[in-house]
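Source file: protein_38.txt (compact mmCIF, C-alpha atoms and all ligand atoms)
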```
# COMPACT_ATOMS: atom_id res chain seq x y z
CA MET A 1 113.04 98.38 86.93
CA SER A 2 109.85 99.53 85.22
CA HIS A 3 106.48 99.65 86.93
CA PRO A 4 105.55 96.28 88.56
CA VAL A 5 102.55 94.48 87.03
CA VAL A 6 102.69 91.38 89.24
CA GLY A 7 102.56 91.60 93.03
CA ILE A 8 104.14 88.70 94.92
CA VAL A 9 103.06 88.56 98.56
CA MET A 10 103.86 86.04 101.26
CA GLY A 11 102.82 85.56 104.86
CA SER A 12 106.41 85.55 106.13
CA ASP A 13 109.89 86.15 104.82
CA SER A 14 110.44 82.45 105.59
CA ASP A 15 108.24 81.75 102.53
CA TRP A 16 110.72 83.44 100.17
CA PRO A 17 112.60 80.26 99.13
CA MET A 18 109.23 78.92 97.88
CA MET A 19 108.27 82.22 96.22
CA GLN A 20 111.62 83.08 94.67
CA PRO A 21 111.01 80.67 91.75
CA ALA A 22 107.85 82.67 90.96
CA ALA A 23 109.94 85.83 90.81
CA GLU A 24 112.54 84.06 88.66
CA ALA A 25 109.87 82.84 86.20
CA LEU A 26 108.58 86.41 85.86
CA ALA A 27 112.11 87.71 85.37
CA GLU A 28 112.71 85.12 82.64
CA PHE A 29 109.85 86.71 80.69
CA GLY A 30 110.90 90.25 81.54
CA ILE A 31 107.77 90.89 83.63
CA PRO A 32 108.31 93.61 86.25
CA TYR A 33 107.20 92.47 89.71
CA GLU A 34 107.34 93.49 93.35
CA ALA A 35 107.59 91.20 96.38
CA HIS A 36 106.37 91.93 99.92
CA VAL A 37 105.66 90.24 103.24
CA VAL A 38 101.98 90.80 104.01
CA SER A 39 100.13 88.64 106.55
CA ALA A 40 96.36 88.41 106.92
CA HIS A 41 96.81 87.08 110.43
CA ARG A 42 99.68 89.21 111.69
CA THR A 43 99.08 92.44 109.75
CA PRO A 44 95.40 92.44 108.74
CA ARG A 45 95.22 96.19 107.98
CA ARG A 46 98.43 96.13 105.96
CA MET A 47 97.05 93.15 104.02
CA LEU A 48 93.79 94.99 103.28
CA ASP A 49 95.63 98.17 102.27
CA TYR A 50 97.83 96.16 99.92
CA ALA A 51 94.95 94.24 98.32
CA GLU A 52 92.66 97.26 98.00
CA GLY A 53 95.37 99.42 96.47
CA ALA A 54 96.89 96.81 94.15
CA ALA A 55 94.83 97.41 91.00
CA GLY A 56 95.03 101.19 91.35
CA ARG A 57 98.83 100.98 91.54
CA GLY A 58 98.92 99.20 88.20
CA LEU A 59 99.29 95.58 89.31
CA ARG A 60 97.41 93.11 87.08
CA VAL A 61 97.99 89.78 88.85
CA ILE A 62 98.78 88.87 92.46
CA VAL A 63 100.69 85.74 93.50
CA ALA A 64 100.16 84.98 97.19
CA GLY A 65 102.01 82.27 99.10
CA ALA A 66 101.50 81.12 102.67
CA GLY A 67 101.79 78.08 104.91
CA GLY A 68 99.70 76.38 107.60
CA ALA A 69 96.46 78.29 108.21
CA ALA A 70 97.11 79.94 104.87
CA HIS A 71 94.33 82.50 104.69
CA LEU A 72 96.38 85.19 102.97
CA PRO A 73 95.57 84.32 99.31
CA GLY A 74 91.82 84.10 99.99
CA MET A 75 91.72 87.29 102.02
CA VAL A 76 93.68 89.15 99.34
CA ALA A 77 91.26 87.81 96.71
CA ALA A 78 88.37 89.10 98.82
CA ALA A 79 89.74 92.65 98.71
CA THR A 80 90.90 93.00 95.09
CA PRO A 81 89.30 92.53 91.66
CA LEU A 82 92.64 91.21 90.32
CA PRO A 83 93.26 87.51 89.64
CA VAL A 84 94.99 85.88 92.63
CA ILE A 85 97.20 82.80 92.36
CA GLY A 86 97.67 80.94 95.65
CA VAL A 87 100.80 78.96 96.53
CA PRO A 88 100.51 76.50 99.46
CA ARG A 89 103.75 76.14 101.43
CA PRO A 90 104.75 72.74 102.81
CA LEU A 91 105.59 73.15 106.50
CA ASP A 92 107.09 70.46 108.75
CA ARG A 93 103.75 69.40 110.16
CA LEU A 94 101.10 68.03 107.74
CA ASP A 95 103.46 68.47 104.75
CA GLY A 96 101.49 71.38 103.29
CA LEU A 97 98.15 69.61 103.14
CA ASP A 98 96.81 72.18 105.63
CA SER A 99 98.14 75.01 103.46
CA LEU A 100 96.61 73.50 100.32
CA LEU A 101 93.20 73.02 101.88
CA SER A 102 93.26 76.52 103.38
CA ILE A 103 93.80 78.03 99.94
CA VAL A 104 92.06 75.83 97.41
CA GLN A 105 88.50 75.43 98.68
CA MET A 106 87.27 79.02 98.37
CA PRO A 107 83.60 79.98 98.66
CA ALA A 108 81.87 80.63 95.33
CA GLY A 109 82.37 84.20 94.20
CA VAL A 110 85.92 84.58 95.52
CA PRO A 111 88.23 82.54 93.27
CA VAL A 112 91.86 81.77 94.01
CA ALA A 113 93.76 79.87 91.30
CA THR A 114 95.71 77.42 93.45
CA VAL A 115 98.91 75.77 92.24
CA GLY A 116 100.45 72.64 93.74
CA ILE A 117 102.13 72.53 97.15
CA GLY A 118 105.40 74.45 96.87
CA GLY A 119 104.54 75.38 93.27
CA GLY A 120 106.16 78.79 93.16
CA ARG A 121 107.53 78.40 89.65
CA ASN A 122 104.18 77.35 88.21
CA ALA A 123 102.54 80.31 89.97
CA GLY A 124 104.95 82.65 88.21
CA LEU A 125 104.37 80.95 84.88
CA LEU A 126 100.60 81.11 85.34
CA ALA A 127 100.89 84.85 86.01
CA VAL A 128 102.83 85.16 82.74
CA ARG A 129 100.07 83.28 80.89
CA ILE A 130 97.36 85.51 82.38
CA LEU A 131 99.24 88.57 81.13
CA ALA A 132 99.88 86.87 77.78
CA ALA A 133 96.15 86.38 77.19
CA SER A 134 95.95 90.06 76.26
CA ASP A 135 99.48 90.51 74.89
CA GLU A 136 100.26 88.87 71.56
CA GLU A 137 104.03 89.37 71.79
CA LEU A 138 104.18 87.80 75.24
CA ARG A 139 101.95 84.94 74.06
CA GLY A 140 104.49 84.24 71.32
CA ARG A 141 107.21 83.98 73.95
CA VAL A 142 105.06 81.58 76.01
CA GLU A 143 104.68 79.43 72.89
CA ARG A 144 108.46 79.41 72.35
CA PHE A 145 108.91 78.45 76.02
CA GLN A 146 106.51 75.53 75.50
CA ALA A 147 108.37 74.44 72.37
CA ASP A 148 111.66 74.49 74.33
CA LEU A 149 110.06 72.35 77.04
CA ALA A 150 108.96 69.83 74.43
CA ASP A 151 112.45 69.81 72.84
CA GLY A 152 113.89 69.07 76.29
CA VAL A 153 111.67 66.01 76.65
CA VAL A 154 112.70 64.69 73.23
CA ALA A 155 116.38 65.21 74.13
CA ARG A 156 115.92 63.36 77.44
CA ASP A 157 114.20 60.51 75.63
CA LEU A 158 117.14 60.25 73.21
CA THR A 159 119.55 60.10 76.16
CA LEU A 160 117.45 57.35 77.74
CA GLN A 161 117.37 55.35 74.52
CA GLU A 162 121.17 55.60 74.22
CA ARG A 163 121.57 54.42 77.81
CA LEU A 164 119.26 51.46 77.19
CA VAL A 165 121.39 50.41 74.19
CA THR A 166 124.65 50.88 76.15
CA ASP A 167 123.33 49.02 79.20
CA GLY A 168 122.09 46.28 76.90
N1 LIG A 201 99.58 81.60 106.65
C1 LIG A 201 100.18 82.69 107.12
C2 LIG A 201 99.66 83.99 107.18
C3 LIG A 201 98.32 84.39 106.67
O1 LIG A 201 97.64 83.54 106.03
O2 LIG A 201 97.95 85.54 106.86
N2 LIG A 201 100.56 84.80 107.74
C4 LIG A 201 101.66 84.06 107.99
N3 LIG A 201 101.42 82.79 107.63
C5 LIG A 201 102.37 81.68 107.56
O3 LIG A 201 102.97 81.26 108.72
C6 LIG A 201 104.08 80.46 108.33
C7 LIG A 201 105.16 80.54 109.37
O4 LIG A 201 105.65 81.86 109.44
P1 LIG A 201 106.97 82.20 110.26
O5 LIG A 201 108.11 81.48 109.57
O6 LIG A 201 107.12 83.71 110.19
O7 LIG A 201 106.74 81.70 111.67
C8 LIG A 201 104.52 80.97 106.96
O8 LIG A 201 104.43 79.90 106.00
C9 LIG A 201 103.52 82.06 106.67
O9 LIG A 201 103.11 82.12 105.32
```
Once you've parsed the file, please lay out its structure as structure tokens.
Amino acid sequence: MSHPVVGIVMGSDSDWPMMQPAAEALAEFGIPYEAHVVSAHRTPRRMLDYAEGAAGRGLRVIVAGAGGAAHLPGMVAAATPLPVIGVPRPLDRLDGLDSLLSIVQMPAGVPVATVGIGGGRNAGLLAVRILAASDEELRGRVERFQADLADGVVARDLTLQERLVTDG
């Protein structure tokens, strides 16, 4: 695999099922990525080392997912100049509202682009769009992806119309 340009980090390996769709979205667009467990709470020095070294290692976007007291995305954003996308994980208690609020309401000056609760796939797609802003070829592929999405909606509408006729 060529040099990773997106860093996926998560507070625990138990977050991987939520973050895997981000990795899959990146893979769909052929974007090289890396994925690591890095916790602000459990491994604060490792988290700082990762965030401080990320840009120098060639990463251009970081996707950070965590649950509960989800301080990882904000702390990573505090220690890197790279754009950080936060993914709130729904845990059994509070359904992810705690994760969302821990990530989304950052103090001015330290932005985290927060996707919806459990929104790993959208986080990956947003990372693709950030890279595509300065890459015309990739932007073309994002446009084709959007056109395919739209075609899918039209096809589903056709199916619905046929069912309505059949069901009378
Ligand atoms: N929110 C954080 C941070 C952090 O923000 O630094 N580190 C771990 N965690 C979260 O704890 C949850 C439970 O973790 P375990 O499954 O390991 O007990 C995970 O969702 C993780 O992201």
Practice task
Could I get the residue neighbourhood of ligand LIG 201 (chain A) at 8 Å, counting all atoms listed in the file, as a ChimeraX atom specification?
Solution key: /A:10-15,38-44,65-73,89-91,99
Problem - atom CA of Ala25 of chain A to atom CA of Asn122 of chain A, distance in Å rounded to a single decimal - result: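 These two atoms are separated by 8.2 Å.
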Handout entry: Between atom CA of Ile85 of chain A and atom CA of Glu34 of chain A, distance in Å (one decimal)
Key = 14.8 Å
Handout entry: Selection: 12 Å around Leu131 of chain A, all atoms listed in the file, excl. self and same-chain fewer than 3 positions, as a ChimeraX atom specification
Key = /A:5-6,26,29-32,59-62,82-83,124-128,134-142
Exercise for the section: Choose the residue, out of A:Gln20, A:Gln146, A:Ser2, A:Ser102, that has the smallest atom-to-atom separation from Gly58 of chain A; count only C-alpha atoms. Expected result: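 Going through A:Gln20, A:Gln146, A:Ser2, A:Ser102 one by one, the smallest distance to Gly58 of chain A is for A:Ser2.
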Handout entry: Proximity to Pro81 of chain A - best of A:Ala55, A:Leu97, A:Leu48, A:Met19, only C-alpha atoms
Key =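 Ranked by minimum distance to Pro81 of chain A, first place goes to A:Ala55.
Picture a line from atom CA of Tyr50 of chain A to atom CA of Gly96 of chain A; it runs 25.3 Å.
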Centre and edges of the segment 149-167 of chain A box, axis-aligned, 8 Å extra per side, as JSON:
```
{"center_x": 116.8, "center_y": 60.7, "center_z": 76.0, "size_x": 31.7, "size_y": 39.3, "size_z": 22.4}
```
Handout entry: Of the listed residues A:Ala77, A:Thr159, A:Ala27, A:Gly86, that which approaches Gly120 of chain A most closely, counting only C-alpha atoms
Key = A:Gly86
Problem - Shortest interatomic distance to Ala51 of chain A - which of A:Val115, A:Ala35, A:Val84, A:Ala22, counting only C-alpha atoms - result: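 Distance minimum relative to Ala51 of chain A lands on A:Val84.
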Handout entry: Selected residue, from A:Pro21, A:Gly168, A:Pro111, A:Pro88, that lies nearest to Val76 of chain A when counting all atoms listed in the file
Key =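 Closest candidate: A:Pro111.
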Problem - For Phe145 of chain A, the nearest of the candidates A:Glu52, A:Glu28, A:Asp95, A:Ala78, counting all atoms listed in the file - result: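 Using all atoms listed in the file, Phe145 of chain A sits closest to A:Glu28.
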Practice task
Determine, counting only C-alpha atoms, which protein, DNA and RNA residues have an atom within 8 Å of an atom of His36 of chain A; residues of the same chain fewer than 6 positions away are not included. Present the result as a list in words.
Solution key: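 Final neighbour list, sorted by chain and number: Gly7, Ile8, Val9 and Met10 of chain A.
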Create the file for the chosen residues now, containing C-alpha atoms and written as a compact mmCIF listing (two decimals), in the frame of the given file.
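File produced: selection-v4.txt:
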```
# COMPACT_ATOMS: atom_id res chain seq x y z
CA GLY A 7 102.56 91.60 93.03
CA ILE A 8 104.14 88.70 94.92
CA VAL A 9 103.06 88.56 98.56
CA MET A 10 103.86 86.04 101.26
```
Rebuild segment 34-49 of chain A so that it carries N, CA and C atoms, then output the result as a compact mmCIF listing (two decimals), in the coordinates of the input.
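Once written, selection06.txt looks like this:
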```txt
# COMPACT_ATOMS: atom_id res chain seq x y z
N GLU A 34 106.91 93.07 92.03
CA GLU A 34 107.34 93.49 93.35
C GLU A 34 107.10 92.31 94.29
N ALA A 35 107.79 92.28 95.41
CA ALA A 35 107.59 91.20 96.38
C ALA A 35 107.56 91.80 97.78
N HIS A 36 106.53 91.38 98.57
CA HIS A 36 106.37 91.93 99.92
C HIS A 36 105.89 90.86 100.90
N VAL A 37 106.23 91.06 102.16
CA VAL A 37 105.66 90.24 103.24
C VAL A 37 104.41 90.95 103.73
N VAL A 38 103.28 90.23 103.63
CA VAL A 38 101.98 90.80 104.01
C VAL A 38 101.19 89.65 104.64
N SER A 39 100.83 89.75 105.91
CA SER A 39 100.13 88.64 106.55
C SER A 39 98.71 89.02 106.93
N ALA A 40 97.76 88.17 106.52
CA ALA A 40 96.36 88.41 106.92
C ALA A 40 96.21 88.27 108.42
N HIS A 41 96.96 87.35 109.00
CA HIS A 41 96.81 87.08 110.43
C HIS A 41 97.58 88.09 111.28
N ARG A 42 98.82 88.37 110.85
CA ARG A 42 99.68 89.21 111.69
C ARG A 42 99.56 90.70 111.38
N THR A 43 99.19 91.01 110.15
CA THR A 43 99.08 92.44 109.75
C THR A 43 97.80 92.63 108.92
N PRO A 44 96.64 92.41 109.54
CA PRO A 44 95.40 92.44 108.74
C PRO A 44 95.16 93.77 108.02
N ARG A 45 95.46 94.89 108.65
CA ARG A 45 95.22 96.19 107.98
C ARG A 45 96.17 96.40 106.82
N ARG A 46 97.43 96.02 107.03
CA ARG A 46 98.43 96.13 105.96
C ARG A 46 98.02 95.25 104.77
N MET A 47 97.49 94.05 105.08
CA MET A 47 97.05 93.15 104.02
C MET A 47 95.90 93.78 103.23
N LEU A 48 94.93 94.37 103.97
CA LEU A 48 93.79 94.99 103.28
C LEU A 48 94.24 96.19 102.46
N ASP A 49 95.11 97.01 103.02
CA ASP A 49 95.63 98.17 102.27
C ASP A 49 96.30 97.71 100.98
```
